[in-house]
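> Data: protein_15.csv, CSV, C-alpha atoms.
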chain,number,residue,atom,x,y,z
A,1,MET,CA,-21.0,6.0,-58.6
A,2,ASP,CA,-20.4,9.7,-59.3
A,3,GLU,CA,-17.1,11.4,-60.0
A,4,ILE,CA,-16.8,12.7,-56.5
A,5,ARG,CA,-16.8,9.3,-55.0
A,6,LEU,CA,-14.4,8.0,-57.6
A,7,ARG,CA,-12.0,10.8,-56.8
A,8,GLN,CA,-12.2,9.9,-53.1
A,9,ILE,CA,-11.3,6.3,-54.0
A,10,LEU,CA,-8.4,7.4,-56.1
A,11,ASP,CA,-7.2,9.9,-53.4
A,12,ALA,CA,-7.3,7.2,-50.8
A,13,TYR,CA,-6.3,3.9,-52.5
A,14,GLY,CA,-4.5,5.1,-55.6
A,15,ALA,CA,-4.9,4.2,-59.3
A,16,ARG,CA,-4.9,0.4,-59.2
A,17,PRO,CA,-8.4,-1.2,-59.2
A,18,GLU,CA,-7.2,-4.2,-57.1
A,19,ARG,CA,-6.6,-1.7,-54.2
A,20,TRP,CA,-10.1,-0.2,-54.4
A,21,PRO,CA,-12.9,-1.4,-52.1
A,22,GLU,CA,-14.2,-4.5,-53.7
A,23,ALA,CA,-17.9,-3.6,-53.5
A,24,GLU,CA,-17.2,-0.4,-55.5
A,25,ARG,CA,-14.7,-1.7,-58.0
A,26,ALA,CA,-17.1,-2.5,-60.9
A,27,ALA,CA,-18.9,0.8,-60.7
A,28,ALA,CA,-15.6,2.7,-60.6
A,29,ARG,CA,-14.4,0.8,-63.7
A,30,ALA,CA,-17.7,1.7,-65.5
A,31,LEU,CA,-17.3,5.3,-64.7
A,32,LEU,CA,-13.7,5.4,-65.8
A,33,ALA,CA,-14.7,3.8,-69.1
A,34,SER,CA,-17.2,6.6,-69.8
A,35,SER,CA,-15.5,9.7,-68.3
A,36,PRO,CA,-12.4,11.3,-69.6
A,37,ALA,CA,-12.2,13.4,-66.4
A,38,ALA,CA,-12.2,10.3,-64.3
A,39,ARG,CA,-9.4,8.8,-66.4
A,40,ALA,CA,-7.4,12.0,-66.0
A,41,ALA,CA,-7.8,11.7,-62.2
A,42,GLN,CA,-6.7,8.1,-62.3
A,43,ALA,CA,-3.6,9.0,-64.3
A,44,ASP,CA,-2.8,11.6,-61.7
A,45,ALA,CA,-3.1,9.0,-58.9
A,46,ALA,CA,-1.0,6.6,-60.9
A,47,ARG,CA,1.9,9.1,-60.9
A,48,LEU,CA,1.9,9.2,-57.1
A,49,ASP,CA,1.7,5.4,-57.0
A,50,ALA,CA,4.8,5.2,-59.2
A,51,LEU,CA,6.7,7.5,-56.9
A,52,LEU,CA,5.7,5.4,-53.9
A,53,ASP,CA,6.8,2.3,-55.7
A,54,ALA,CA,10.2,3.9,-56.1
A,55,ALA,CA,10.7,3.7,-52.3
A,56,PRO,CA,13.3,1.1,-51.6
A,57,ALA,CA,12.0,-2.2,-50.3
A,58,PRO,CA,13.0,-2.9,-46.7
A,59,PRO,CA,15.9,-5.3,-46.5
A,60,ALA,CA,14.9,-8.9,-46.4
A,61,PRO,CA,15.3,-10.4,-43.0
A,62,PRO,CA,18.7,-12.0,-42.4
A,63,ALA,CA,18.6,-15.7,-43.1
A,64,GLU,CA,19.4,-16.6,-39.5
A,65,LEU,CA,16.5,-14.6,-38.1
A,66,ALA,CA,14.0,-17.4,-38.5
A,67,ALA,CA,16.3,-19.9,-36.9
A,68,ARG,CA,16.9,-17.4,-34.1
A,69,ILE,CA,13.2,-17.0,-33.4
A,70,VAL,CA,12.6,-20.8,-33.4
A,71,ALA,CA,15.6,-21.3,-31.1
A,72,ALA,CA,14.2,-18.6,-28.7
A,73,ALA,CA,10.8,-20.3,-28.8
A,74,ARG,CA,12.1,-23.6,-27.5
A,75,PRO,CA,12.9,-22.5,-23.9
A,76,ARG,CA,9.5,-20.8,-23.8
A,77,ALA,CA,8.0,-24.2,-24.9
A,78,ARG,CA,9.6,-25.8,-21.8
A,79,VAL,CA,8.2,-23.0,-19.5
A,80,VAL,CA,4.8,-23.4,-21.1
A,81,SER,CA,4.9,-27.2,-20.6
A,82,LEU,CA,5.9,-26.8,-17.0
A,83,ARG,CA,3.1,-24.3,-16.5
A,84,ARG,CA,0.6,-26.7,-18.1
A,85,ALA,CA,1.9,-29.6,-16.0
A,86,ALA,CA,1.6,-27.5,-12.9
A,87,ALA,CA,-1.9,-26.5,-13.8
A,88,VAL,CA,-2.8,-30.2,-13.8
A,89,VAL,CA,-0.6,-31.5,-11.0
A,90,VAL,CA,-1.3,-28.8,-8.4
A,91,PRO,CA,-5.1,-29.2,-8.3
A,92,LEU,CA,-4.7,-33.0,-8.2
A,93,ALA,CA,-2.3,-32.8,-5.3
A,94,ALA,CA,-4.5,-30.4,-3.4
A,95,ALA,CA,-7.5,-32.7,-4.0
A,96,ALA,CA,-5.5,-35.7,-2.8
A,97,GLY,CA,-4.4,-33.8,0.3
A,98,LEU,CA,-7.9,-32.8,1.1
A,99,VAL,CA,-9.1,-36.4,0.9
A,100,LEU,CA,-6.4,-37.6,3.2
A,101,TRP,CA,-7.1,-34.8,5.7
A,102,LEU,CA,-10.8,-35.6,5.7
A,103,GLN,CA,-10.1,-39.3,6.2
A,104,HIS,CA,-7.9,-38.5,9.1
A,105,ARG,CA,-10.4,-36.3,10.8
A,106,ALA,CA,-13.6,-38.3,10.1
A,107,PRO,CA,-14.7,-40.8,12.8
A,108,SER,CA,-14.3,-44.4,11.9
A,109,PRO,CA,-17.4,-46.2,10.5
A,110,GLY,CA,-17.7,-48.4,13.7
A,111,ARG,CA,-17.8,-45.4,16.0
A,112,ALA,CA,-20.1,-43.5,13.7
A,113,SER,CA,-22.6,-46.4,13.7
A,114,ALA,CA,-22.6,-46.6,17.5
A,115,ALA,CA,-23.2,-42.9,17.8
A,116,ASP,CA,-25.9,-43.0,15.3
A,117,LEU,CA,-27.6,-45.9,17.1
A,118,ALA,CA,-27.5,-44.0,20.4
A,119,LEU,CA,-28.9,-40.9,18.8
A,120,ALA,CA,-31.7,-42.9,17.1
A,121,ALA,CA,-32.5,-44.5,20.5
A,122,ARG,CA,-32.8,-41.1,22.1
A,123,LEU,CA,-35.0,-39.8,19.3
A,124,ASP,CA,-37.3,-42.7,19.6
A,125,ASP,CA,-38.1,-41.6,23.2
A,126,VAL,CA,-38.9,-38.1,22.3
A,127,ALA,CA,-42.6,-37.2,22.1
A,128,THR,CA,-43.4,-34.7,19.5
A,129,PRO,CA,-45.7,-31.8,20.3
A,130,SER,CA,-48.4,-33.5,18.3
A,131,ASP,CA,-48.1,-36.5,20.6
A,132,ASP,CA,-48.6,-34.4,23.7
A,133,LEU,CA,-51.7,-32.7,22.3
A,134,LEU,CA,-53.2,-36.0,21.3
A,135,ASP,CA,-52.5,-37.4,24.7
A,136,THR,CA,-54.3,-34.7,26.6
A,137,SER,CA,-57.3,-34.7,24.3
A,138,ASP,CA,-57.5,-38.5,24.1
A,139,ALA,CA,-57.8,-38.2,20.3
A,140,TRP,CA,-55.7,-40.3,18.0
A,141,ALA,CA,-54.7,-39.9,14.4
A,142,ALA,CA,-56.4,-43.2,13.5
A,143,ASP,CA,-59.7,-41.7,14.4
A,144,THR,CA,-59.6,-39.5,11.4
A,145,THR,CA,-58.9,-42.4,9.0
A,146,PRO,CA,-62.0,-43.0,6.9
A,147,THR,CA,-63.5,-46.4,7.3
A,148,TRP,CA,-66.1,-46.2,4.6
A,149,GLY,CA,-65.6,-48.9,2.0
A,150,CYS,CA,-63.3,-50.9,4.2
A,151,ALA,CA,-64.1,-54.3,5.3
A,152,THR,CA,-62.8,-55.4,8.7
A,153,GLY,CA,-59.4,-57.0,8.5
A,154,GLU,CA,-58.8,-55.8,5.0
A,155,LEU,CA,-55.3,-54.7,4.3
A,156,GLY,CA,-55.1,-50.9,4.8
A,157,CYS,CA,-58.3,-50.6,6.7
A,158,PRO,CA,-58.3,-49.9,10.4
A,159,ASP,CA,-60.0,-52.3,12.7
A,160,LEU,CA,-63.6,-51.2,13.1
A,161,PRO,CA,-64.7,-50.0,16.5
A,162,THR,CA,-65.5,-52.7,18.9
A,163,ALA,CA,-67.9,-52.5,21.8
A,164,THR,CA,-65.3,-50.8,23.9
A,165,GLY,CA,-65.1,-47.9,21.5
A,166,ARG,CA,-62.3,-46.4,19.5
A,167,GLN,CA,-59.2,-48.3,18.9
A,168,SER,CA,-56.0,-47.7,17.1
A,169,ARG,CA,-52.8,-49.5,17.0
A,170,ARG,CA,-51.2,-46.8,19.1
A,171,THR,CA,-53.9,-46.9,21.8
A,172,THR,CA,-53.7,-50.6,21.9
A,173,GLU,CA,-50.0,-50.4,22.5
A,174,ARG,CA,-50.4,-47.6,25.1
A,175,ILE,CA,-53.3,-49.0,27.1
A,176,PRO,CA,-51.9,-50.5,30.3
A,177,VAL,CA,-52.7,-54.1,30.6
B,1,MET,CA,-2.9,-20.8,-47.5
B,2,ASP,CA,-4.9,-19.5,-44.6
B,3,ASP,CA,-6.5,-22.9,-44.0
B,4,HIS,CA,-3.0,-24.3,-44.0
B,5,ASP,CA,-2.0,-21.6,-41.5
B,6,ASP,CA,-4.7,-22.8,-39.2
B,7,GLU,CA,-3.4,-26.3,-39.4
B,8,LEU,CA,0.1,-25.2,-38.7
B,9,ILE,CA,-1.0,-23.1,-35.7
B,10,GLY,CA,-2.8,-26.1,-34.3
B,11,ARG,CA,0.3,-28.2,-34.5
B,12,ALA,CA,2.4,-25.3,-33.1
B,13,GLY,CA,0.0,-25.0,-30.2
B,14,ALA,CA,0.7,-28.7,-29.4
B,15,GLY,CA,4.4,-28.0,-29.3
B,16,ASP,CA,5.4,-28.8,-32.9
B,17,THR,CA,8.4,-26.5,-33.5
B,18,GLU,CA,8.6,-27.7,-37.1
B,19,ALA,CA,5.1,-26.3,-37.8
B,20,PHE,CA,6.1,-23.1,-36.0
B,21,GLU,CA,9.2,-22.7,-38.1
B,22,ARG,CA,7.2,-23.1,-41.3
B,23,LEU,CA,4.8,-20.3,-40.1
B,24,VAL,CA,7.8,-18.1,-39.2
B,25,ARG,CA,9.4,-18.6,-42.6
B,26,ARG,CA,6.1,-18.0,-44.4
B,27,HIS,CA,5.3,-14.7,-42.7
B,28,LEU,CA,8.6,-13.3,-41.4
B,29,GLY,CA,9.5,-11.2,-44.5
B,30,ARG,CA,6.2,-9.3,-44.5
B,31,ILE,CA,6.2,-8.6,-40.8
B,32,VAL,CA,9.8,-7.4,-40.9
B,33,ALA,CA,9.0,-5.2,-43.9
B,34,PHE,CA,5.9,-3.8,-42.1
B,35,ALA,CA,7.8,-3.1,-38.9
B,36,GLY,CA,10.8,-1.7,-40.9
B,37,ARG,CA,8.6,0.8,-42.8
B,38,THR,CA,6.7,1.7,-39.6
B,39,LEU,CA,9.8,2.2,-37.5
B,40,GLY,CA,12.4,3.2,-40.1
B,41,ASP,CA,14.9,1.0,-38.3
B,42,ALA,CA,15.8,-2.5,-39.6
B,43,ALA,CA,17.4,-3.8,-36.4
B,44,ALA,CA,14.3,-2.7,-34.4
B,45,ALA,CA,12.1,-4.2,-37.0
B,46,GLU,CA,13.8,-7.6,-36.5
B,47,ASP,CA,13.4,-7.4,-32.8
B,48,VAL,CA,9.7,-6.6,-33.2
B,49,ALA,CA,9.3,-9.5,-35.6
B,50,GLN,CA,10.9,-11.8,-33.2
B,51,GLU,CA,8.6,-10.8,-30.4
B,52,VAL,CA,5.6,-11.1,-32.7
B,53,PHE,CA,6.4,-14.7,-33.5
B,54,LEU,CA,7.3,-15.6,-30.0
B,55,ARG,CA,3.9,-14.4,-29.0
B,56,LEU,CA,2.4,-16.5,-31.7
B,57,TRP,CA,4.3,-19.5,-30.3
B,58,THR,CA,3.1,-19.0,-26.7
B,59,GLY,CA,-0.5,-18.2,-27.8
B,60,ALA,CA,-0.8,-20.8,-30.5
B,61,SER,CA,-2.6,-23.3,-28.2
B,62,ARG,CA,-5.4,-20.7,-27.7
B,63,TRP,CA,-5.8,-19.9,-31.4
B,64,ARG,CA,-9.3,-20.6,-32.6
B,65,PRO,CA,-9.9,-20.6,-36.4
B,66,THR,CA,-12.8,-18.2,-36.3
B,67,GLY,CA,-12.2,-16.7,-39.7
B,68,ALA,CA,-9.5,-14.3,-38.6
B,69,ARG,CA,-6.5,-14.3,-40.8
B,70,LEU,CA,-3.2,-15.0,-39.2
B,71,SER,CA,-1.7,-12.3,-41.3
B,72,THR,CA,-4.1,-9.8,-39.7
B,73,TRP,CA,-3.2,-10.9,-36.2
B,74,LEU,CA,0.5,-10.8,-36.9
B,75,HIS,CA,0.3,-7.2,-38.3
B,76,THR,CA,-1.9,-6.1,-35.3
B,77,VAL,CA,0.7,-7.4,-32.8
B,78,ALA,CA,3.5,-5.9,-34.8
B,79,LEU,CA,1.8,-2.6,-34.9
B,80,ASN,CA,1.3,-2.5,-31.2
B,81,LEU,CA,4.9,-3.4,-30.6
B,82,CYS,CA,6.0,-0.7,-33.0
B,83,ARG,CA,3.8,1.9,-31.3
B,84,ASP,CA,5.4,1.0,-27.9
B,85,ARG,CA,8.8,1.6,-29.4
B,86,ILE,CA,7.8,4.9,-31.0
B,87,ALA,CA,6.3,6.0,-27.7
B,88,LYS,CA,9.6,5.1,-25.9
B,89,ARG,CA,11.6,7.0,-28.5
B,90,ARG,CA,9.5,10.1,-27.8
B,91,GLU,CA,10.4,9.7,-24.1
B,92,ALA,CA,14.1,9.1,-24.8
B,93,PRO,CA,16.6,11.9,-24.5
B,94,LEU,CA,17.2,13.7,-27.8
B,95,ASP,CA,20.8,12.3,-28.0
B,96,ASP,CA,19.4,8.8,-28.4
B,97,VAL,CA,17.0,9.6,-31.2
B,98,PRO,CA,18.4,8.9,-34.7
B,99,ASP,CA,18.6,11.8,-37.1
B,100,PRO,CA,15.4,12.1,-39.0
B,101,PRO,CA,15.6,11.7,-42.8
B,102,ASP,CA,16.2,15.0,-44.5
B,103,PRO,CA,13.0,16.0,-46.2
B,104,ALA,CA,14.6,19.0,-47.9
B,105,PRO,CA,14.6,19.2,-51.7
B,106,ALA,CA,17.4,17.2,-53.2
B,107,PRO,CA,20.0,18.6,-55.5
B,108,GLU,CA,20.0,17.6,-59.2
B,109,ALA,CA,22.2,14.5,-58.7
B,110,ARG,CA,19.6,12.9,-56.4
B,111,LEU,CA,16.9,12.8,-59.1
B,112,ALA,CA,18.2,9.4,-60.1
B,113,THR,CA,15.8,6.6,-59.3
B,114,GLN,CA,17.7,5.7,-56.1
B,115,ALA,CA,17.6,9.2,-54.9
B,116,ILE,CA,13.9,9.5,-55.6
B,117,GLY,CA,13.4,6.3,-53.6
B,118,ALA,CA,15.3,7.8,-50.7
B,119,SER,CA,13.2,11.0,-50.9
B,120,VAL,CA,10.0,8.9,-50.9
B,121,GLN,CA,11.3,7.0,-47.9
B,122,ALA,CA,12.0,10.3,-46.2
B,123,ALA,CA,8.6,11.7,-47.0
B,124,LEU,CA,7.0,8.5,-45.7
B,125,ALA,CA,9.0,8.8,-42.5
B,126,ASP,CA,7.9,12.4,-42.1
B,127,LEU,CA,4.2,11.4,-42.1
B,128,PRO,CA,2.2,11.3,-38.9
B,129,GLU,CA,2.4,7.7,-37.5
B,130,ALA,CA,-1.2,6.7,-38.2
B,131,GLN,CA,-1.0,8.0,-41.8
B,132,ARG,CA,2.3,6.1,-42.3
B,133,VAL,CA,0.8,2.9,-41.0
B,134,ALA,CA,-2.3,3.2,-43.2
B,135,ILE,CA,-0.3,3.8,-46.4
B,136,THR,CA,2.1,1.0,-45.4
B,137,LEU,CA,-0.6,-1.5,-44.9
B,138,CYS,CA,-2.7,-0.7,-48.0
B,139,HIS,CA,0.0,0.3,-50.5
B,140,PHE,CA,3.1,-1.6,-49.5
B,141,GLN,CA,1.6,-4.6,-47.7
B,142,GLY,CA,-1.2,-4.9,-50.2
B,143,MET,CA,-3.9,-5.4,-47.6
B,144,ARG,CA,-7.6,-5.0,-48.3
B,145,ASN,CA,-9.2,-1.9,-46.7
B,146,GLN,CA,-11.2,-3.9,-44.2
B,147,GLU,CA,-8.2,-5.9,-43.0
B,148,ALA,CA,-6.1,-2.8,-42.7
B,149,ALA,CA,-8.8,-1.1,-40.7
B,150,GLU,CA,-9.0,-4.2,-38.4
B,151,VAL,CA,-5.2,-4.1,-37.8
B,152,MET,CA,-5.4,-0.4,-36.9
B,153,ASN,CA,-8.6,-0.8,-34.9
B,154,VAL,CA,-10.4,1.9,-36.8
B,155,SER,CA,-13.4,2.1,-39.1
B,156,VAL,CA,-13.0,1.7,-42.9
B,157,GLU,CA,-14.1,5.3,-43.2
B,158,ALA,CA,-11.4,6.5,-40.8
B,159,LEU,CA,-8.8,4.4,-42.7
B,160,GLU,CA,-9.9,6.0,-45.9
B,161,SER,CA,-9.4,9.4,-44.4
B,162,LEU,CA,-6.0,8.5,-43.2
B,163,LEU,CA,-5.0,7.2,-46.6
B,164,ALA,CA,-6.2,10.3,-48.4
B,165,ARG,CA,-4.4,12.6,-46.0
B,166,ALA,CA,-1.2,10.5,-46.3
B,167,ARG,CA,-1.3,10.6,-50.1
B,168,ARG,CA,-2.0,14.3,-50.0
B,169,GLY,CA,0.9,14.9,-47.6
B,170,LEU,CA,3.3,12.7,-49.7
B,171,ARG,CA,2.3,14.6,-52.9
B,172,THR,CA,3.1,17.9,-51.3
B,173,ARG,CA,6.4,16.7,-49.9
B,174,LEU,CA,7.4,15.0,-53.2
B,175,ALA,CA,6.3,17.9,-55.4
B,176,ALA,CA,9.4,19.7,-54.1
B,177,VAL,CA,11.6,16.8,-55.1
B,178,ALA,CA,10.3,15.6,-58.4
B,179,PRO,CA,7.5,17.9,-59.6
B,180,GLU,CA,7.8,16.5,-63.2
B,181,LEU,CA,7.1,13.0,-61.9
B,182,LEU,CA,3.8,14.2,-60.3
B,183,GLY,CA,2.7,16.1,-63.4
B,184,GLY,CA,3.7,19.5,-62.1
B,185,THR,CA,5.8,22.1,-63.8
Show this structure as structure tokens.


Amino acid sequence: MDEIRLRQILDAYGARPERWPEAERAAARALLASSPAARAAQADAARLDALLDAAPAPPAPPAELAARIVAAARPRARVVSLRRAAAVVVPLAAAAGLVLWLQHRAPSPGRASAADLALAARLDDVATPSDDLLDTSDAWAADTTPTWGCATGELGCPDLPTATGRQSRRTTERIPV
Amino acid sequence: MDDHDDELIGRAGAGDTEAFERLVRRHLGRIVAFAGRTLGDAAAAEDVAQEVFLRLWTGASRWRPTGARLSTWLHTVALNLCRDRIAKRREAPLDDVPDPPDPAPAPEARLATQAIGASVQAALADLPEAQRVAITLCHFQGMRNQEAAEVMNVSVEALESLLARARRGLRTRLAAVAPELLGGT
């Protein structure tokens, strides 16, 4: 630290080392120990410190102020508690209302099952575009199933072609008797 | 003490008024003193202190012990409230503004210690607000420079500049009152 920086510290923080920036305190003390000019600057700062210390201390707060503050805090505590309670109760009430409303509007399980069954029955009758193409070309998906390595009747293996030609479970079902 | 503050804040946040009261009694004097020096008005300082602690009470449940000192937070809130009041004073009609302290050189009789104190107080009151707050925090409240800078929301360098200008201004004003005490002629 040089004397310029020490003067800056004294000008800003005064003469007492405990008020100086902690990181620079040791260097400032070392410079003071070796420099009469630095000590003169410190003494000058100490005179202003002494004048500042002569300023009257602000009056102590009246004894009842703390009690007054605590008394004023209590009503706020009730407001805060109500707000906290509302923050929990309102969303719960809204959720409960939503559940009741949905239950009221939703079809009963019995009716839902009947509707689903009817829909499923209709879907079962619908031929997909793939079915139509296969119908016109007389080609069946089972034809593409590899048969190599399969023995007749083995689980997962299609039935091998018979003398009448290609077969699949679907063709068997669809051939008119 | 600060760890203890955190514990008390935690209890106050859960609605423990006894813990809150202990915090109030521990810090009230310093906050009233700070607001008093900043505003130069004891009654207004008490009002500010009351609002500071009520804000602590309502915000205690959100307090997180992240290393911040309660003292710093209290001073920051107090400073903001003081600034609001100072701004309102500026907007108020002149009739409502209290007479400023007389910075004129005092007669011989006022060179007693009490009179010097009054002159120092007047010189402090005459400083620009930011300089007055800086010297109040560092000299009278005994805050470290980093903490004072945090309260004022300025850099440490800016704080140092404010302090140096404040002390220079005080020296100039007080040289007229008590030159011998400042080493003058």

> Between CA of Ala35 in chain B and CA of Ala49 in chain B, what distance in Å does the model show, to one decimal?

7.4 Å

> Compile the residues of chain B that lie within 8 Å of chain A, evaluated using all atoms listed in the file, and express the compilation as an NGL selection string.

:B and (15 or 17 or 20-21 or 24-25 or 28-29 or 32-33 or 36-37 or 42 or 46 or 50 or 53-54 or 57-58 or 113-114 or 116-121 or 138-139 or 142 or 144-145 or 160-165 or 167-168 or 171 or 181-183)

> Could you give me, as number ranges by chain, the residues within 8 Å of Gln141 in chain B, counting only C-alpha atoms and dropping anything in the same chain fewer than 3 positions from it?

B: 30, 34, 136-138

> What gap, in Å, lies between CA of Ala14 in chain B and CA of Leu79 in chain B?

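Interatomic distance here is 26.7 Å.
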
> Could you check how far CA of Ala44 in chain B sits from CA of Ala125 in chain B, in Å to one decimal?

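These atoms are spaced 15.0 Å apart.
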
> Please, which residues are within 8 Å of (-2.5, 9.6, -39.7) by the file's coordinates, counting only C-alpha atoms, and could they come as a ChimeraX atom specification?

/B:127-134,162-163,165-166

> Grab the residues selected above and save them as a tab-separated table (two decimals), in the coordinates of the input with C-alpha atoms.


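Saved to out_16.tsv:
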chain	number	residue	atom	x	y	z
B	127	LEU	CA	4.20	11.40	-42.10
B	128	PRO	CA	2.20	11.30	-38.90
B	129	GLU	CA	2.40	7.70	-37.50
B	130	ALA	CA	-1.20	6.70	-38.20
B	131	GLN	CA	-1.00	8.00	-41.80
B	132	ARG	CA	2.30	6.10	-42.30
B	133	VAL	CA	0.80	2.90	-41.00
B	134	ALA	CA	-2.30	3.20	-43.20
B	162	LEU	CA	-6.00	8.50	-43.20
B	163	LEU	CA	-5.00	7.20	-46.60
B	165	ARG	CA	-4.40	12.60	-46.00
B	166	ALA	CA	-1.20	10.50	-46.30

> Within 12 Å of Ala68 in chain B, counting all atoms listed in the file, which residues show up once you throw out same-chain ones fewer than 3 positions away? Write them as JSON, numbers by chain, please.

{"B": [2, 3, 5, 6, 63, 64, 65, 71, 72, 73, 74, 76, 146, 147, 150, 151]}
